[in-house]
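Visitor: Sharing a structure with you now.
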Amino acid sequence: MKKLRQIKNNSILLCFVLLITQSVFAQTVEKWFVNMPDGLNPTLSKQNRLELLEYYKAGQGDSVTNRYGNQARLVVFDSINQCVVVKNTSSTMFEMKMFNLEDSSTIIGLISTVCAPVCQSYIQFYDTAWNSMPIQFTMPKAIEWLNKDSLETKNLDKQWVGNVLENSFITLTFDAANNTIIAQNNSLKFMTEIDRKLFQPLMTEKPFVYKLNGRTWVQQP
């Protein structure tokens, strides 16, 4: 009887482990990338996304022809940190990363970057049913990279400086290993050569780092 009870307990434990394993597998970024709504990344069809991953995992290449006849390339497939990065075209990039909230629910972050020619990113968050999530991320502006101490030493009209830096071109990327978002200012590339030479010494090149706190992305010191 004792032996039968032990076998039964072992069977229950095995079933529990299998259920947990299946649940974890079901939440992989690979699944969500392949099955995401086409409208969130219209350059690639579901078949394109599946082929990209399958070719990559089989060591048969990292590129496919997208819907518009151009090459799309898989840049990152990180199954451990749940992140996928694809260069959709020569001028567009797409990133997906999964995050766990404090209540153990899962959200999916998407970053789309367009370079035309100066690069600019857009970010969105969804739950696993692809409903938009109220996750707070405030896109930084170019003026936030301004070194105000350096500005004080220059004889420049602050209102004019602020007007010039209203044109913000910011790129975002996921730092998969650290579960952060990295923001980089590209606005200097949009300026005329004269303005760029004037503003470059006044701007810090250090990227901003954001970490998720609850449901809000907070800039790190």
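The chains in the structure tokens are called A, B, ... from first to last as shown; in each chain the residues are counted from 1, and the ligands are counted from 1 in the order shown.
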Would you list the contacts of A:Asn178 as a list of chain:residue names, taking every protein, DNA or RNA residue within 12 Å and counting only C-alpha atoms, but skipping same-chain residues closer than 6 positions in sequence?

Guide: A:Ile80, A:Asn81, A:Gln82, A:Cys83, A:Lys97, A:Phe99, A:Val209, A:Tyr210, A:Lys211, A:Leu212

Visitor: Please tabulate, as a tab-separated table, the residues of stretch 101-138 of chain A that come within 9 Å of stretch 159-173 of chain A, each with its closest pair of atoms and the distance in Å to one decimal, counting only C-alpha atoms and ordering rows by chain, then residue number upward.

Guide:
```
residue	atom	partner	partner_atom	distance
A:Ile111	CA	A:Thr173	CA	7.0
A:Ser112	CA	A:Leu172	CA	8.5
A:Thr113	CA	A:Thr171	CA	6.8
A:Val114	CA	A:Thr171	CA	8.9
A:Val118	CA	A:Phe169	CA	7.0
A:Cys119	CA	A:Thr171	CA	6.3
A:Gln120	CA	A:Phe169	CA	5.0
A:Ser121	CA	A:Thr171	CA	4.7
A:Tyr122	CA	A:Leu172	CA	7.6
A:Ile123	CA	A:Leu172	CA	7.9
```

Visitor: Show me, as a compact mmCIF listing (two decimals) with N, CA and C atoms, in the first residue's frame, the residues that have an atom within 9 Å of A:Ser79 when counting only C-alpha atoms, minus same-chain residues fewer than 4 positions from it.

Guide:
```txt
# COMPACT_ATOMS: atom_id res chain seq x y z
N THR A 28 6.26 31.56 -24.42
CA THR A 28 7.51 31.96 -25.05
C THR A 28 7.30 33.06 -26.07
N VAL A 29 8.33 33.90 -26.23
CA VAL A 29 8.27 34.99 -27.18
C VAL A 29 8.14 34.45 -28.60
N GLU A 30 8.65 33.25 -28.84
CA GLU A 30 8.55 32.65 -30.16
C GLU A 30 7.09 32.49 -30.57
N CYS A 83 13.17 37.76 -26.13
CA CYS A 83 13.30 38.94 -26.98
C CYS A 83 13.56 38.55 -28.43
N VAL A 84 12.91 39.25 -29.35
CA VAL A 84 13.12 39.06 -30.79
C VAL A 84 13.33 40.44 -31.42
```

Visitor: Go through A:Met98, A:Glu51, A:Ser91, A:Tyr126 and flag the residue nearest A:Ala177, using only C-alpha atoms for the distances.

Guide: A:Met98

Visitor: Please identify which residues in stretch 4-221 of chain A DSSP calls strand (DSSP E or B) from the backbone, and express them as number ranges by chain.

Guide: A: 63-65, 71-78, 83-89, 92-100, 106-115, 119-127, 132, 136, 146, 170-175, 180-185, 203, 208-213, 216-219

Visitor: Taking 5 positions as the minimum chain separation for residues in the same chain, which residues sit within 10 Å of A:Gly61 when counting only C-alpha atoms? Answer as a ChimeraX atom specification.

Guide: /A:51-56,73-74

Visitor: I want to know what sits within 9 Å of A:Pro134, based on only C-alpha atoms, with residues of the same chain fewer than 6 positions away left out; could you give that as a ChimeraX atom specification?

Guide: /A:125-126,215-216

Visitor: Extract the full set of alpha helix (DSSP H) residues from stretch 20-190 of chain A according to DSSP on the backbone, and format it as a VMD selection string.

Guide: chain A and resid 20 to 26 29 to 35 46 to 57 148 to 152 158 to 164

Visitor: Can you tell me how far atom CA of A:Asn41 sits from atom CA of A:Phe94, in Å to one decimal?

Guide: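 Going from atom CA of A:Asn41 over to atom CA of A:Phe94 covers 7.6 Å.
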
Visitor: Given the choices A:Asn213, A:Thr43, A:Thr138, A:Asn147, which gets closest to A:Asn179 if the distance is worked out from only C-alpha atoms?

Guide: A:Asn213
